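Novice: Supplied structure: my_file-v4.cif, mmCIF, C-alpha atoms and all ligand atoms.
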data_upload
#
loop_
_atom_site.group_PDB
_atom_site.id
_atom_site.type_symbol
_atom_site.label_atom_id
_atom_site.label_comp_id
_atom_site.auth_asym_id
_atom_site.auth_seq_id
_atom_site.Cartn_x
_atom_site.Cartn_y
_atom_site.Cartn_z
ATOM 1 C CA MET L 17 0.000 0.000 0.000
ATOM 2 C CA ILE L 18 1.363 3.397 -1.001
ATOM 3 C CA GLU L 19 -0.078 6.448 0.728
ATOM 4 C CA ILE L 20 0.605 9.861 -0.744
ATOM 5 C CA ASN L 21 -0.891 12.341 1.660
ATOM 6 C CA ASN L 22 -1.282 16.033 0.807
ATOM 7 C CA VAL L 23 2.181 16.251 -0.710
ATOM 8 C CA GLU L 24 3.695 19.547 -1.730
ATOM 9 C CA LYS L 25 7.072 20.009 -3.382
ATOM 10 C CA ILE L 26 8.707 23.366 -3.915
ATOM 11 C CA PHE L 27 12.094 23.502 -5.628
ATOM 12 C CA GLU L 28 14.246 26.488 -4.779
ATOM 13 C CA THR L 29 16.231 27.474 -7.848
ATOM 14 C CA GLN L 30 19.533 29.337 -8.271
ATOM 15 C CA ASP L 31 17.926 32.620 -9.284
ATOM 16 C CA GLY L 32 15.702 32.638 -6.205
ATOM 17 C CA THR L 33 12.424 31.865 -7.973
ATOM 18 C CA ASP L 34 10.655 28.887 -6.465
ATOM 19 C CA VAL L 35 9.095 26.182 -8.599
ATOM 20 C CA HIS L 36 5.865 24.833 -7.182
ATOM 21 C CA ALA L 37 6.270 21.326 -8.622
ATOM 22 C CA LEU L 38 3.450 19.682 -6.657
ATOM 23 C CA ALA L 39 0.614 20.952 -4.474
ATOM 24 C CA GLY L 40 -1.926 19.049 -2.417
ATOM 25 C CA VAL L 41 -1.335 15.706 -4.077
ATOM 26 C CA SER L 42 -3.112 12.831 -2.323
ATOM 27 C CA ILE L 43 -3.687 9.320 -3.568
ATOM 28 C CA ASP L 44 -3.597 5.864 -2.022
ATOM 29 C CA VAL L 45 -2.453 3.016 -4.223
ATOM 30 C CA ALA L 46 -3.637 -0.461 -3.227
ATOM 31 C CA PRO L 47 -1.289 -3.438 -3.128
ATOM 32 C CA ASP L 48 -0.779 -4.873 -6.638
ATOM 33 C CA GLU L 49 -2.657 -2.017 -8.231
ATOM 34 C CA PHE L 50 -1.423 -0.608 -11.556
ATOM 35 C CA VAL L 51 -1.752 3.170 -11.640
ATOM 36 C CA ALA L 52 -0.769 5.259 -14.659
ATOM 37 C CA PHE L 53 0.023 8.987 -14.493
ATOM 38 C CA VAL L 54 -0.524 11.225 -17.502
ATOM 39 C CA GLY L 55 -0.369 14.976 -18.037
ATOM 40 C CA PRO L 56 1.580 17.661 -19.851
ATOM 41 C CA SER L 57 5.300 18.128 -19.430
ATOM 42 C CA GLY L 58 6.232 19.882 -16.205
ATOM 43 C CA CYS L 59 3.151 18.889 -14.189
ATOM 44 C CA GLY L 60 5.261 17.050 -11.634
ATOM 45 C CA LYS L 61 4.927 13.400 -12.700
ATOM 46 C CA SER L 62 8.636 12.653 -12.358
ATOM 47 C CA THR L 63 8.837 14.582 -9.095
ATOM 48 C CA LEU L 64 5.975 12.512 -7.685
ATOM 49 C CA LEU L 65 7.721 9.257 -8.629
ATOM 50 C CA ARG L 66 11.007 10.510 -7.190
ATOM 51 C CA LEU L 67 9.215 11.304 -3.927
ATOM 52 C CA VAL L 68 7.843 7.751 -3.746
ATOM 53 C CA ALA L 69 11.332 6.449 -4.636
ATOM 54 C CA GLY L 70 12.829 8.415 -1.760
ATOM 55 C CA LEU L 71 15.107 10.355 -4.107
ATOM 56 C CA VAL L 72 13.630 13.717 -3.075
ATOM 57 C CA SER L 73 11.731 14.669 0.061
ATOM 58 C CA PRO L 74 8.416 16.534 0.158
ATOM 59 C CA SER L 75 8.272 20.184 1.277
ATOM 60 C CA SER L 76 5.172 19.178 3.221
ATOM 61 C CA GLY L 77 2.906 16.157 3.421
ATOM 62 C CA ALA L 78 4.003 12.549 3.591
ATOM 63 C CA VAL L 79 4.610 9.442 1.508
ATOM 64 C CA ARG L 80 4.300 6.039 3.156
ATOM 65 C CA ILE L 81 4.901 2.556 1.821
ATOM 66 C CA ASP L 82 3.282 -0.215 3.853
ATOM 67 C CA GLY L 83 2.875 2.187 6.737
ATOM 68 C CA THR L 84 6.507 3.335 6.856
ATOM 69 C CA PRO L 85 7.419 6.907 5.857
ATOM 70 C CA VAL L 86 9.726 6.986 2.831
ATOM 71 C CA THR L 87 13.053 8.487 3.887
ATOM 72 C CA GLY L 88 15.314 7.143 1.154
ATOM 73 C CA PRO L 89 15.603 4.431 -1.514
ATOM 74 C CA ARG L 90 14.277 1.023 -0.457
ATOM 75 C CA GLN L 91 15.197 -2.456 -1.615
ATOM 76 C CA ASP L 92 11.579 -3.465 -2.153
ATOM 77 C CA VAL L 93 11.095 -0.670 -4.714
ATOM 78 C CA GLY L 94 12.365 -1.013 -8.294
ATOM 79 C CA ILE L 95 12.789 2.059 -10.480
ATOM 80 C CA VAL L 96 12.968 2.536 -14.246
ATOM 81 C CA PHE L 97 13.811 5.996 -15.536
ATOM 82 C CA GLN L 98 13.071 7.381 -18.989
ATOM 83 C CA ALA L 99 16.684 7.258 -20.149
ATOM 84 C CA PRO L 100 18.537 4.001 -19.557
ATOM 85 C CA THR L 101 20.826 4.422 -16.560
ATOM 86 C CA LEU L 102 23.112 1.413 -16.839
ATOM 87 C CA LEU L 103 26.543 1.433 -15.257
ATOM 88 C CA PRO L 104 28.862 2.091 -18.243
ATOM 89 C CA TRP L 105 31.724 0.005 -16.834
ATOM 90 C CA ALA L 106 29.701 -3.156 -16.202
ATOM 91 C CA ASN L 107 28.418 -5.634 -18.778
ATOM 92 C CA ILE L 108 24.682 -6.155 -19.315
ATOM 93 C CA LEU L 109 24.398 -9.191 -17.029
ATOM 94 C CA ASP L 110 26.326 -7.487 -14.217
ATOM 95 C CA ASN L 111 24.104 -4.450 -14.606
ATOM 96 C CA VAL L 112 20.986 -6.575 -14.224
ATOM 97 C CA LEU L 113 22.546 -8.358 -11.233
ATOM 98 C CA PHE L 114 23.361 -5.081 -9.534
ATOM 99 C CA PRO L 115 20.397 -5.115 -7.060
ATOM 100 C CA PHE L 116 21.497 -8.553 -5.844
ATOM 101 C CA ARG L 117 25.041 -7.305 -5.419
ATOM 102 C CA ILE L 118 23.842 -4.417 -3.249
ATOM 103 C CA MET L 119 21.668 -6.786 -1.222
ATOM 104 C CA ARG L 120 24.567 -9.295 -0.970
ATOM 105 C CA ARG L 121 22.348 -11.999 -2.411
ATOM 106 C CA LEU L 122 24.293 -12.736 -5.556
ATOM 107 C CA ASP L 123 24.023 -16.488 -6.062
ATOM 108 C CA ARG L 124 23.202 -18.981 -8.798
ATOM 109 C CA THR L 125 19.462 -18.434 -8.476
ATOM 110 C CA ALA L 126 20.022 -14.716 -8.973
ATOM 111 C CA VAL L 127 22.090 -15.293 -12.098
ATOM 112 C CA GLU L 128 19.501 -17.712 -13.494
ATOM 113 C CA ARG L 129 16.758 -15.189 -12.903
ATOM 114 C CA ALA L 130 18.740 -12.406 -14.575
ATOM 115 C CA VAL L 131 19.554 -14.567 -17.573
ATOM 116 C CA GLY L 132 15.890 -15.607 -17.852
ATOM 117 C CA LEU L 133 14.660 -12.020 -17.763
ATOM 118 C CA LEU L 134 17.216 -10.923 -20.357
ATOM 119 C CA GLU L 135 15.987 -13.694 -22.615
ATOM 120 C CA LEU L 136 12.377 -12.541 -22.131
ATOM 121 C CA ALA L 137 13.471 -9.016 -23.038
ATOM 122 C CA GLY L 138 15.046 -10.241 -26.269
ATOM 123 C CA LEU L 139 18.610 -9.741 -25.040
ATOM 124 C CA LYS L 140 19.808 -13.340 -25.087
ATOM 125 C CA GLY L 141 23.376 -13.400 -26.357
ATOM 126 C CA PHE L 142 24.088 -9.850 -25.168
ATOM 127 C CA GLU L 143 24.783 -10.734 -21.516
ATOM 128 C CA ARG L 144 28.516 -10.036 -21.776
ATOM 129 C CA ARG L 145 28.226 -6.936 -23.966
ATOM 130 C CA MET L 146 28.863 -3.477 -22.571
ATOM 131 C CA PRO L 147 25.988 -0.947 -22.488
ATOM 132 C CA ARG L 148 27.606 1.276 -25.156
ATOM 133 C CA GLU L 149 27.526 -1.659 -27.583
ATOM 134 C CA LEU L 150 23.704 -1.792 -27.425
ATOM 135 C CA SER L 151 21.087 0.512 -28.925
ATOM 136 C CA GLY L 152 19.173 2.861 -26.614
ATOM 137 C CA GLY L 153 16.118 0.618 -26.769
ATOM 138 C CA MET L 154 18.138 -2.462 -25.848
ATOM 139 C CA GLN L 155 19.758 -0.613 -22.944
ATOM 140 C CA GLN L 156 16.330 0.412 -21.707
ATOM 141 C CA ARG L 157 15.119 -3.187 -21.868
ATOM 142 C CA ALA L 158 18.142 -4.175 -19.774
ATOM 143 C CA ALA L 159 17.309 -1.400 -17.289
ATOM 144 C CA ILE L 160 13.770 -2.794 -17.003
ATOM 145 C CA CYS L 161 15.229 -6.262 -16.325
ATOM 146 C CA ARG L 162 17.399 -4.740 -13.593
ATOM 147 C CA ALA L 163 14.350 -3.159 -11.935
ATOM 148 C CA LEU L 164 12.450 -6.467 -12.010
ATOM 149 C CA VAL L 165 15.209 -8.941 -11.181
ATOM 150 C CA HIS L 166 14.808 -8.994 -7.394
ATOM 151 C CA ASP L 167 11.018 -9.079 -7.725
ATOM 152 C CA PRO L 168 10.311 -5.812 -5.859
ATOM 153 C CA THR L 169 6.834 -5.364 -4.403
ATOM 154 C CA THR L 170 6.673 -1.847 -5.863
ATOM 155 C CA LEU L 171 7.760 -0.781 -9.316
ATOM 156 C CA LEU L 172 8.115 2.872 -10.316
ATOM 157 C CA MET L 173 8.368 3.511 -14.037
ATOM 158 C CA ASP L 174 8.934 6.997 -15.459
ATOM 159 C CA GLU L 175 8.127 6.937 -19.175
ATOM 160 C CA PRO L 176 10.011 3.649 -19.424
ATOM 161 C CA PHE L 177 9.099 3.020 -23.063
ATOM 162 C CA GLY L 178 9.591 6.586 -24.272
ATOM 163 C CA ALA L 179 12.831 5.833 -26.081
ATOM 164 C CA LEU L 180 11.582 2.664 -27.773
ATOM 165 C CA ASP L 181 10.216 2.347 -31.283
ATOM 166 C CA ALA L 182 6.459 1.767 -31.565
ATOM 167 C CA LEU L 183 6.658 -1.974 -32.122
ATOM 168 C CA THR L 184 9.078 -2.678 -29.264
ATOM 169 C CA ARG L 185 6.965 -0.408 -27.115
ATOM 170 C CA GLU L 186 3.859 -2.513 -27.708
ATOM 171 C CA GLU L 187 5.793 -5.706 -27.063
ATOM 172 C CA MET L 188 7.214 -4.332 -23.826
ATOM 173 C CA SER L 189 3.742 -3.197 -22.641
ATOM 174 C CA LEU L 190 2.380 -6.689 -23.193
ATOM 175 C CA GLU L 191 5.416 -8.200 -21.495
ATOM 176 C CA LEU L 192 5.008 -5.885 -18.515
ATOM 177 C CA MET L 193 1.344 -6.908 -18.194
ATOM 178 C CA ARG L 194 2.350 -10.557 -18.328
ATOM 179 C CA ILE L 195 5.000 -10.124 -15.627
ATOM 180 C CA TRP L 196 2.576 -8.126 -13.478
ATOM 181 C CA THR L 197 -0.088 -10.858 -13.847
ATOM 182 C CA GLU L 198 2.365 -13.612 -12.962
ATOM 183 C CA ARG L 199 4.073 -11.797 -10.116
ATOM 184 C CA PRO L 200 1.666 -9.095 -8.968
ATOM 185 C CA LYS L 201 3.195 -5.870 -7.705
ATOM 186 C CA THR L 202 2.188 -2.291 -7.162
ATOM 187 C CA ILE L 203 3.119 -0.265 -10.240
ATOM 188 C CA LEU L 204 3.229 3.508 -10.655
ATOM 189 C CA PHE L 205 3.704 4.170 -14.349
ATOM 190 C CA VAL L 206 4.215 7.563 -15.987
ATOM 191 C CA THR L 207 3.478 7.767 -19.701
ATOM 192 C CA HIS L 208 2.835 10.291 -22.456
ATOM 193 C CA SER L 209 0.654 7.791 -24.243
ATOM 194 C CA ILE L 210 -3.024 7.822 -23.333
ATOM 195 C CA PRO L 211 -3.731 4.470 -25.085
ATOM 196 C CA GLU L 212 -0.827 2.923 -23.177
ATOM 197 C CA ALA L 213 -2.273 4.222 -19.887
ATOM 198 C CA VAL L 214 -5.746 2.845 -20.687
ATOM 199 C CA LEU L 215 -4.346 -0.483 -21.823
ATOM 200 C CA LEU L 216 -2.210 -1.034 -18.740
ATOM 201 C CA ALA L 217 -3.789 0.670 -15.768
ATOM 202 C CA ASP L 218 -6.444 -0.044 -13.177
ATOM 203 C CA ARG L 219 -6.633 3.714 -12.642
ATOM 204 C CA VAL L 220 -5.352 6.642 -14.675
ATOM 205 C CA VAL L 221 -4.351 9.756 -12.751
ATOM 206 C CA VAL L 222 -4.596 12.910 -14.869
ATOM 207 C CA MET L 223 -2.278 15.671 -13.667
ATOM 208 C CA GLY L 224 -2.133 19.365 -14.504
ATOM 209 C CA PRO L 225 0.624 21.999 -14.177
ATOM 210 C CA ARG L 226 1.439 25.141 -12.171
ATOM 211 C CA PRO L 227 1.288 23.929 -9.538
ATOM 212 C CA GLY L 228 1.471 20.241 -10.373
ATOM 213 C CA ARG L 229 -1.677 18.573 -9.072
ATOM 214 C CA ILE L 230 -4.157 15.791 -9.639
ATOM 215 C CA LEU L 231 -7.037 16.881 -11.880
ATOM 216 C CA GLU L 232 -8.922 13.612 -12.126
ATOM 217 C CA ILE L 233 -8.612 9.934 -11.341
ATOM 218 C CA ILE L 234 -10.292 7.595 -13.804
ATOM 219 C CA THR L 235 -10.929 3.933 -13.014
ATOM 220 C CA VAL L 236 -10.479 1.751 -16.092
ATOM 221 C CA ARG L 237 -12.952 -1.102 -15.955
ATOM 222 C CA LEU L 238 -11.897 -2.899 -19.137
ATOM 223 C CA PRO L 239 -11.701 -6.664 -18.609
ATOM 224 C CA ARG L 240 -8.312 -8.363 -18.338
ATOM 225 C CA PRO L 241 -6.326 -9.826 -19.937
ATOM 226 C CA ARG L 242 -6.201 -6.823 -22.233
ATOM 227 C CA SER L 243 -4.738 -6.618 -25.686
ATOM 228 C CA PHE L 244 -4.062 -3.941 -28.259
ATOM 229 C CA ASN L 245 -7.051 -5.269 -30.218
ATOM 230 C CA GLN L 246 -9.288 -3.692 -27.592
ATOM 231 C CA GLN L 247 -8.057 -0.263 -28.669
ATOM 232 C CA SER L 248 -10.590 -0.202 -31.464
ATOM 233 C CA THR L 249 -13.542 -0.825 -29.150
ATOM 234 C CA ALA L 250 -15.920 1.992 -28.273
ATOM 235 C CA GLU L 251 -15.309 1.440 -24.572
ATOM 236 C CA PHE L 252 -11.543 1.860 -24.940
ATOM 237 C CA GLN L 253 -11.962 4.956 -27.101
ATOM 238 C CA ASP L 254 -14.366 6.378 -24.557
ATOM 239 C CA TYR L 255 -11.779 6.107 -21.776
ATOM 240 C CA ALA L 256 -9.100 7.684 -23.983
ATOM 241 C CA GLN L 257 -11.465 10.507 -24.898
ATOM 242 C CA ARG L 258 -12.373 11.197 -21.271
ATOM 243 C CA ILE L 259 -8.689 11.409 -20.326
ATOM 244 C CA ARG L 260 -7.960 13.739 -23.249
ATOM 245 C CA GLY L 261 -10.876 15.896 -22.147
ATOM 246 C CA HIS L 262 -9.439 16.312 -18.661
ATOM 247 C CA ILE L 263 -5.917 17.020 -19.937
ATOM 248 C CA PHE L 264 -7.058 19.644 -22.404
ATOM 249 C CA GLY L 265 -9.523 21.152 -19.972
ATOM 250 C CA ARG L 266 -12.688 20.348 -21.889
ATOM 251 C CA ARG L 267 -15.591 18.529 -20.386
ATOM 252 C CA PRO L 268 -15.830 15.146 -22.052
ATOM 253 C CA ASN L 269 -18.944 14.844 -24.197
HETATM 254 N N1 LIG F 301 15.624 19.451 -9.198
HETATM 255 C C1 LIG F 301 14.821 20.423 -9.625
HETATM 256 N N2 LIG F 301 15.119 21.721 -9.389
HETATM 257 C C2 LIG F 301 14.305 22.709 -9.804
HETATM 258 N N3 LIG F 301 13.146 22.514 -10.462
HETATM 259 C C3 LIG F 301 12.802 21.232 -10.738
HETATM 260 C C4 LIG F 301 13.610 20.131 -10.337
HETATM 261 N N4 LIG F 301 13.011 18.991 -10.749
HETATM 262 C C5 LIG F 301 11.878 19.361 -11.373
HETATM 263 N N5 LIG F 301 11.747 20.717 -11.377
HETATM 264 C C6 LIG F 301 10.624 21.500 -11.922
HETATM 265 O O1 LIG F 301 9.440 20.977 -11.361
HETATM 266 C C7 LIG F 301 8.399 20.966 -12.324
HETATM 267 C C8 LIG F 301 7.897 19.532 -12.482
HETATM 268 O O2 LIG F 301 8.901 18.771 -13.116
HETATM 269 P P1 LIG F 301 8.754 17.219 -13.423
HETATM 270 O O3 LIG F 301 8.367 16.530 -12.174
HETATM 271 O O4 LIG F 301 9.992 16.778 -14.089
HETATM 272 O O5 LIG F 301 7.522 17.210 -14.444
HETATM 273 P P2 LIG F 301 7.072 16.097 -15.505
HETATM 274 O O6 LIG F 301 7.794 14.828 -15.188
HETATM 275 O O7 LIG F 301 5.594 16.000 -15.349
HETATM 276 O O8 LIG F 301 7.431 16.635 -16.854
HETATM 277 C C9 LIG F 301 8.987 21.548 -13.598
HETATM 278 O O9 LIG F 301 8.674 22.916 -13.629
HETATM 279 C C10 LIG F 301 10.468 21.332 -13.419
HETATM 280 O O10 LIG F 301 11.205 22.300 -14.123
HETATM 281 MG MG MG F 302 9.069 13.629 -16.312
#
Since I need it in another form, could you write the structure as structure tokens?
Ligand SMILES: Nc1ncnc2c1ncn2[C@@H]1O[C@H](COP(=O)(O)OP(=O)(O)O)[C@@H](O)[C@H]1O
Ligand SMILES: [Mg+2]
Specialist:
Amino acid sequence: MIEINNVEKIFETQDGTDVHALAGVSIDVAPDEFVAFVGPSGCGKSTLLRLVAGLVSPSSGAVRIDGTPVTGPRQDVGIVFQAPTLLPWANILDNVLFPFRIMRRLDRTAVERAVGLLELAGLKGFERRMPRELSGGMQQRAAICRALVHDPTTLLMDEPFGALDALTREEMSLELMRIWTERPKTILFVTHSIPEAVLLADRVVVMGPRPGRILEIITVRLPRPRSFNQQSTAEFQDYAQRIRGHIFGRRPN
């Protein structure tokens, strides 16, 4: 359970002007729930994820995971950023094994799991390659493997598929849904893509800027398992339209 309670974040900048990145943001995310965040650039989506990740602290309000206030990064939380953030000096397998190394749990089971995930992500045969030898999309797939390898109970994903081509993006969405179905976890997922949000999420949180805040929370009641074929259905289109309406400030018709 993730509790985000009346969170405000103000960044103080060099020139003395404050940036009100988030104001009065409250939402509880149930265990194993998949929540997508959408909204224009600068509305505080990344800041909100970084708060839950313990990478920044709120100016006021509180974030709790399973009842404990977040004070820093936690081992039971996996994070995927928009740009792949692999360690340049370690090969792909060692990068994926990194969480186990930190937790001092690097054993054969860990290696088998990492190798299995890399295969799922289409990176079989690249285990010993260095990050710079792989395309951006391949590096990002490796970064997703790294976030999943120790089976965290919470997964934070900040536009994880943004750098991928459309086809890989669809494949990765389906793969993520499969992994989430097999090994349920709480997922907070930021995306620019409204169809992606509708396809994946139990709830879509629409955010707005200046100050960054929640405008609307839409529960997506499409049956699971979901597939891209559903995108053409009236129900799917209706959800997408409602979300667009909230983002662009029009009442949905
Ligand atoms: N470290 C920081 N210092 C100053 N301002 C920041 C910092 N991080 C984010 N901001 C500002 O906070 C606002 C929200 O940013 P961000 O959370 O990245 O939005 P989003 O991910 O929705 O595009 C923006 O105006 C951004 O410039
Ligand atoms: Mg962002």
Novice: Which of these, L:Ile234, L:Met17, L:Pro225, L:Ala137, has the shortest distance to Leu190 of chain L once you count only C-alpha atoms?
Specialist: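 Among the listed residues, L:Ala137 lies closest to Leu190 of chain L.
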Novice: May I have the residues within 7 Å of segment 149-157 of chain L as JSON, numbers by chain, using only C-alpha atoms and disregarding those fewer than 2 positions away in the same chain?
Specialist: {"L": [100, 137, 145, 146, 147, 159, 160, 161, 179, 180]}
Novice: Can you write just those residues out, C-alpha atoms, as a short mmCIF file (atom, residue, chain, number, x, y, z; two decimals), in the frame of the given file?
Specialist:
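So the final result, stored in out.cif, reads:
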data_model
loop_
_atom_site.label_atom_id
_atom_site.label_comp_id
_atom_site.auth_asym_id
_atom_site.auth_seq_id
_atom_site.Cartn_x
_atom_site.Cartn_y
_atom_site.Cartn_z
CA PRO L 100 18.54 4.00 -19.56
CA ALA L 137 13.47 -9.02 -23.04
CA ARG L 145 28.23 -6.94 -23.97
CA MET L 146 28.86 -3.48 -22.57
CA PRO L 147 25.99 -0.95 -22.49
CA ALA L 159 17.31 -1.40 -17.29
CA ILE L 160 13.77 -2.79 -17.00
CA CYS L 161 15.23 -6.26 -16.32
CA ALA L 179 12.83 5.83 -26.08
CA LEU L 180 11.58 2.66 -27.77
#
Novice: Per residue of chain L within 6 Å of ligand LIG 301 (chain F), record the nearest atom pair and its distance in Å to one decimal, counting only C-alpha atoms and all ligand atoms, with rows in chain order and ascending residue number, as a tab-separated table.
Specialist:
residue	atom	partner	partner_atom	distance
L:Phe27	CA	F:LIG301	C2	4.8
L:Thr29	CA	F:LIG301	C2	5.5
L:Val35	CA	F:LIG301	N3	5.8
L:Ala37	CA	F:LIG301	O1	4.2
L:Ser57	CA	F:LIG301	O8	3.7
L:Gly58	CA	F:LIG301	O5	3.5
L:Cys59	CA	F:LIG301	O7	4.0
L:Gly60	CA	F:LIG301	O3	3.2
L:Lys61	CA	F:LIG301	O7	3.8
L:Ser62	CA	F:LIG301	O6	3.7
L:Thr63	CA	F:LIG301	O3	3.7
Novice: Considering only C-alpha atoms and all ligand atoms, tabulate each residue of chain L that lies at most 12 Å from ligand MG 302 (chain F) along with its nearest interatomic pair and the corresponding distance in Å to one decimal; arrange the rows by chain and ascending residue number and present them as a Markdown table.
Specialist:
| residue | atom | partner | partner_atom | distance |
| --- | --- | --- | --- | --- |
| L:Ala37 | CA | F:MG302 | MG | 11.2 |
| L:Phe53 | CA | F:MG302 | MG | 10.3 |
| L:Val54 | CA | F:MG302 | MG | 10.0 |
| L:Gly55 | CA | F:MG302 | MG | 9.7 |
| L:Pro56 | CA | F:MG302 | MG | 9.2 |
| L:Ser57 | CA | F:MG302 | MG | 6.6 |
| L:Gly58 | CA | F:MG302 | MG | 6.9 |
| L:Cys59 | CA | F:MG302 | MG | 8.2 |
| L:Gly60 | CA | F:MG302 | MG | 6.9 |
| L:Lys61 | CA | F:MG302 | MG | 5.5 |
| L:Ser62 | CA | F:MG302 | MG | 4.1 |
| L:Thr63 | CA | F:MG302 | MG | 7.3 |
| L:Leu64 | CA | F:MG302 | MG | 9.2 |
| L:Leu65 | CA | F:MG302 | MG | 8.9 |
| L:Arg66 | CA | F:MG302 | MG | 9.8 |
| L:Val96 | CA | F:MG302 | MG | 11.9 |
| L:Phe97 | CA | F:MG302 | MG | 9.0 |
| L:Gln98 | CA | F:MG302 | MG | 7.9 |
| L:Ala99 | CA | F:MG302 | MG | 10.6 |
| L:Met173 | CA | F:MG302 | MG | 10.4 |
| L:Asp174 | CA | F:MG302 | MG | 6.7 |
| L:Glu175 | CA | F:MG302 | MG | 7.3 |
| L:Pro176 | CA | F:MG302 | MG | 10.5 |
| L:Gly178 | CA | F:MG302 | MG | 10.6 |
| L:Phe205 | CA | F:MG302 | MG | 11.1 |
| L:Val206 | CA | F:MG302 | MG | 7.8 |
| L:Thr207 | CA | F:MG302 | MG | 8.8 |
| L:His208 | CA | F:MG302 | MG | 9.4 |
| L:Met223 | CA | F:MG302 | MG | 11.8 |
| L:Gly228 | CA | F:MG302 | MG | 11.7 |
Novice: Could you name the residues that touch Tyr255 of chain L at 12 Å or less, counting only C-alpha atoms, but leaving out those on the same chain fewer than 4 positions away, as a ChimeraX atom specification?
Specialist: /L:210-215,217-220,233-238,246-251,259-262,268-269
Novice: Okay, now the selection with C-alpha atoms, as an mmCIF file, in the frame of the given file?
Specialist:
data_model
loop_
_atom_site.group_PDB
_atom_site.id
_atom_site.type_symbol
_atom_site.label_atom_id
_atom_site.label_comp_id
_atom_site.auth_asym_id
_atom_site.auth_seq_id
_atom_site.Cartn_x
_atom_site.Cartn_y
_atom_site.Cartn_z
ATOM 1 C CA ILE L 210 -3.024 7.822 -23.333
ATOM 2 C CA PRO L 211 -3.731 4.470 -25.085
ATOM 3 C CA GLU L 212 -0.827 2.923 -23.177
ATOM 4 C CA ALA L 213 -2.273 4.222 -19.887
ATOM 5 C CA VAL L 214 -5.746 2.845 -20.687
ATOM 6 C CA LEU L 215 -4.346 -0.483 -21.823
ATOM 7 C CA ALA L 217 -3.789 0.670 -15.768
ATOM 8 C CA ASP L 218 -6.444 -0.044 -13.177
ATOM 9 C CA ARG L 219 -6.633 3.714 -12.642
ATOM 10 C CA VAL L 220 -5.352 6.642 -14.675
ATOM 11 C CA ILE L 233 -8.612 9.934 -11.341
ATOM 12 C CA ILE L 234 -10.292 7.595 -13.804
ATOM 13 C CA THR L 235 -10.929 3.933 -13.014
ATOM 14 C CA VAL L 236 -10.479 1.751 -16.092
ATOM 15 C CA ARG L 237 -12.952 -1.102 -15.955
ATOM 16 C CA LEU L 238 -11.897 -2.899 -19.137
ATOM 17 C CA GLN L 246 -9.288 -3.692 -27.592
ATOM 18 C CA GLN L 247 -8.057 -0.263 -28.669
ATOM 19 C CA SER L 248 -10.590 -0.202 -31.464
ATOM 20 C CA THR L 249 -13.542 -0.825 -29.150
ATOM 21 C CA ALA L 250 -15.920 1.992 -28.273
ATOM 22 C CA GLU L 251 -15.309 1.440 -24.572
ATOM 23 C CA ILE L 259 -8.689 11.409 -20.326
ATOM 24 C CA ARG L 260 -7.960 13.739 -23.249
ATOM 25 C CA GLY L 261 -10.876 15.896 -22.147
ATOM 26 C CA HIS L 262 -9.439 16.312 -18.661
ATOM 27 C CA PRO L 268 -15.830 15.146 -22.052
ATOM 28 C CA ASN L 269 -18.944 14.844 -24.197
#
Novice: Expanded to explicit residues, what is the PyMOL selection byres (((chain L and resi 39-47) around 10) and not hetatm) for this file, as a PyMOL selection string?
Specialist: chain L and resi 17-26+36-38+48-51+60+64+75-82+169-170+200-204+219+221+223+225-231+233
Novice: Which is closer to Ala163 of chain L than all the others in L:Glu28, L:Asp34, L:Asp92, L:Asp254, using only C-alpha atoms?
Specialist: L:Asp92
Novice: In Å, with one decimal, what is the gap from atom CA of Met188 of chain L to atom CA of Arg129 of chain L?
Specialist: 18.1 Å
Novice: What does the distance from atom CA of Pro168 of chain L to atom CA of Ala182 of chain L come to in Å, to one decimal?
Specialist: 27.1 Å
